[in-house]
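Structure, as structure tokens:
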Amino acid sequence: MADFGGEATEGFRAEVKRWLKDHFPPALKGGSLLQYMEGPSPRNSDVKAWIAAMGETGWGVPTWPKALGGGGLSKEEARVLAQEMNAVGAWNPIGGMGVMMFGPTLLEYGNETQKQTHIPPIARSEIRWCQGFSEPGAGSDLASLQTKCEDKGDHWLVNGSKIWTSGAQWADWCFCLVRTDTSKKHEGISFLLIDMKSPGVEVKPIRLISGNSPFCETFFTDVKVPKENLVGPLGGGWTIAKRLLQHERAGLAGGGGSMGRGGLFAAPMHQLAKEYVEADEGGRIADDDLRSRITGHEIEARAFQLTAIRSLVESRSNQGPSSATSIMKNAGSRIAQERAELTLEVLGAQGLGWEGEGFNADELAAVRGWLGGKAYSIYGGSAEIQNNIISKRILGLPDPLGSSSH
Amino acid sequence: MAVLTEEQSLLRDAARTWTQEKSPVSAFRKVRNSGVALGYDQAAFAEMAEMGWTGVIIPEEYGGSDFGWLSLGLILEETGRTLTASPILSSSVAAGAIVLAGTDAQKQHWLTKLASGEVVGALAVDEGPHHNPAKVALKAEKAGAGWKLTGKKTFVLEGPAAGLLVVSAKTDGGVSLFLVPGDAKGVAKHALKLADSRGAANIDFDGVEVGADALLGEEGKGGPLLDKILDRARAALAAEMLGSALQAFETTLDYLKTRVQFGQVIGSFQALQHRAAKMFTDLELSRSCVEAALTAIDNDGAEVSELVSLAKAKMGDTLHLVSNEMVQMHGGIGMTDEHDAGLYLKRARAQETAFGGQAFHRDRYARLQGF
């Protein structure tokens, strides 16, 4: 691809090349952070060194301000960095909710002290954040949340419980939505930062249908929180939360293509079908009905993949935001779930294994992936909520009479 | 929307302005009501040709602009929006066939006439109710220095107006393609009255004699060539379908925002909102496929056939859904001839069927993927 960077960018490119040569451990080539995670964090010494090196330069969050530990790069420079990293098989080891969701939100809404305190450790991947939004009684209707936050003069006093807090068992801090006023729904919500080591914080992992426990219940009992941990104005939490959820959905949409692969076979579905079901003399899937449904699925998956590319190309051009972006979460999760269901069907009885002998690792992973993937259309705004958002924000259709959703 | 060049943006804007002003749905309705056998307005087609739309895929030396298939798609998306009936698609496909395989003499003779709009071109491929280009019974036998064609073709789009027919025929060596003048002796056109009111014909070839120079490409090697020609037709048609589907959707959306029942606009009901969101999603997915197919043709990419079948299948499903929902969401008014919903519904099925329906292209996609 042509590079329109000019000389200044070329100087930077040379710098990046040199730096990568000195700092990227060749043994990690082509990997990803996920594959080195052992529970809460990686133990591999190469990975630790790579995290430290990227944290030092701030290039894990390339466009965040230099003074706060970011890379301080222009968009163009960030692109050069990504190209050069890609060229040598290097990957970004700085990630998680702090980078994806909380950091960008705090940069926009936090005060100077809050940014100085919290942004640099995120840029160095030293502090892990979790999200305290959903509650047992507040899922899709998030704004009905009840976790109480009282002003006790020199501190806040928090009581209540949160659910689906991903990684809470390993998190150092929690960004939390709390109710500071019970007389108003949306305007009674504030955005509070809570140290997970505070007395009164209790975390219980939740066992899911897949057998995994990626989420927790988090209980707050008379937890004292310093006054300076309130982000934005009192009662201004809903606005901040909406912004943060945009960052979350952007992240999920970007991962939509990879949602389809979670725990599933690397081989194309039609190949699996020939192996597990049967092929006819012409080398085609013998079961006509299955063949036609697999074809339908592969067509949808290809259309989704082309749309992901188009959305990226369009948002990089100067046409303004791509209208395709809004559909990505629903389309991506639907296709991924369809893929998981079809895979199971293709595997037949081999797709019913839970653990132990009689099943290979791929077969077992397919079962767990099928179950775990049911979450795709529930988290980050359920499929129904996404349809509401498309209807209202993109298509301009009105709220029903008497409804007060935001 | 794909990222366009400046030329393409200008072309699209011109097409949008012209169709909205000169060729709204009411213009098509007038053509339909007039019962004209050609199925389109000749004066309007002359204006389109004047603007250069008939030459978009024709090289400059033969009077075209050589902007490519994505550019043609931009025009067809706009004409599809207003259901504008014209032979642009059909003529461009015939021209595309000659660009792909024509001799210098064939190009010289036909392309300039197709570019100027003087001649309308049409593809005569199918012989039964279903698209099946591999099944050719029409025979071409050597006759003197030339050939003699005997057989019949069905559902030839723009057949009534065609001055040039690109005909697939069986020869000793296999399938071969011929360029046959529409008024050649022995050609009998039977114009069809279709539900969507566009021009189409069944055509009999009764010992039609043509010269040796009528053979397009090599004798017996017409199969792969025909595939390439058809892929251009399918992708261009998919672009037109995208326009029709978008307009059907937008017209429906407007209705949801204005029709009041139970004291509120019906677009406030979630049962309708989520169906609208699904249509929007399918339209976005379809656009990606259509643009990818046209772009692959322009780039002579390796995956043209896959992407074209993907586009025709996905776009067909989406148009099918949107055209049905257009009638349903409009309720009673959507059932009246006075409303446009019926026009979009009828056009939709004709577009879906032409050059292979969803089932044909799903099957072809699977075969191309090796299963």
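Chain identifiers are assigned as A, B, and so on, following the order in which chains appear in the structure tokens; residues are numbered from 1 within each chain, and ligands are numbered from 1 in order of appearance.
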
| said: Set the cut-off to 6 Å and count only C-alpha atoms: what are the residues of chain A that reach chain B? Output as a VMD selection string. | reply: chain A and resid 284 295 303 306 to 307 324 327 387 390 to 391 397 to 400

Checklist entry - Can you list, as number ranges by chain, every protein, DNA or RNA residue that comes within 9 Å of Ala49 (chain B) when you count only C-alpha atoms, leaving out same-chain residues fewer than 6 positions away? => result B: 55, 88, 115-118

Exercise for review: Compile the contact shell of Glu47 (chain B) as a list of chain:residue names: residues with an atom at most 10 Å away, counting only C-alpha atoms, same-chain residues fewer than 4 positions apart removed.
Suggested key: B:Trp18, B:Lys22, B:Gln42, B:Ala43, B:Met51, B:Gly52, B:Trp53, B:Gly117

Could you find all residues in region 106-325 of chain B that DSSP calls strand (DSSP E or B) from the backbone, and write them as number ranges by chain?
-> B: 121-124, 139-143, 146-157, 164-171, 174-181, 187-193, 199-210, 215-216, 221, 260-261, 264-265

Using only C-alpha atoms, the residue out of A:Met85, A:Leu157, A:Ala266, A:Ile389 with shortest distance to Lys29 (chain A) is A:Met85

Pick out the residues sitting within 8 Å of region 179-194 of chain A, and hand them over as a PyMOL selection string; count only C-alpha atoms, and ignore anything fewer than 3 positions along from it in its own chain.
-> chain A and resi 143-150+173-176+198+225+229-238+240-241

Keeping only C-alpha atoms, take the residues you just selected and write them out as a compact mmCIF listing (two decimals), in the first residue's frame.
# COMPACT_ATOMS: atom_id res chain seq x y z
CA ALA A 143 -30.31 2.97 34.60
CA SER A 144 -32.51 1.27 37.18
CA LEU A 145 -29.39 0.37 39.19
CA GLN A 146 -29.66 0.52 43.02
CA THR A 147 -26.15 0.38 44.50
CA LYS A 148 -26.37 3.15 47.07
CA CYS A 149 -23.73 5.82 47.48
CA GLU A 150 -24.18 8.22 50.41
CA TRP A 173 -9.76 -1.15 40.83
CA CYS A 174 -13.39 -0.94 39.74
CA PHE A 175 -15.09 1.86 37.78
CA CYS A 176 -18.59 1.79 39.09
CA SER A 198 -11.13 -1.53 50.34
CA VAL A 225 -14.54 5.65 49.20
CA ASN A 229 -12.82 9.31 43.46
CA LEU A 230 -15.98 10.76 41.95
CA VAL A 231 -15.51 11.28 38.18
CA GLY A 232 -17.39 14.16 36.61
CA PRO A 233 -20.22 15.99 38.39
CA LEU A 234 -22.48 14.42 41.02
CA GLY A 235 -25.39 12.87 39.12
CA GLY A 236 -23.46 13.03 35.85
CA GLY A 237 -22.57 9.33 35.71
CA TRP A 238 -25.09 8.28 33.04
CA ILE A 240 -20.11 9.16 31.16
CA ALA A 241 -21.43 5.58 31.13

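Interatomic distance, CA of Ile299 (chain A) to CA of Ala302 (chain B): 17.7 Å.
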
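For the choices A:Ala67, A:Val223, A:Val61, A:Ala267, the atom-to-atom distance to Asn92 (chain A) is smallest for A:Val61 when using only C-alpha atoms.
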
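For the atom pair formed by CA of Gln35 (chain A) and CA of Gln169 (chain A), the distance is 19.7 Å, given to one decimal.
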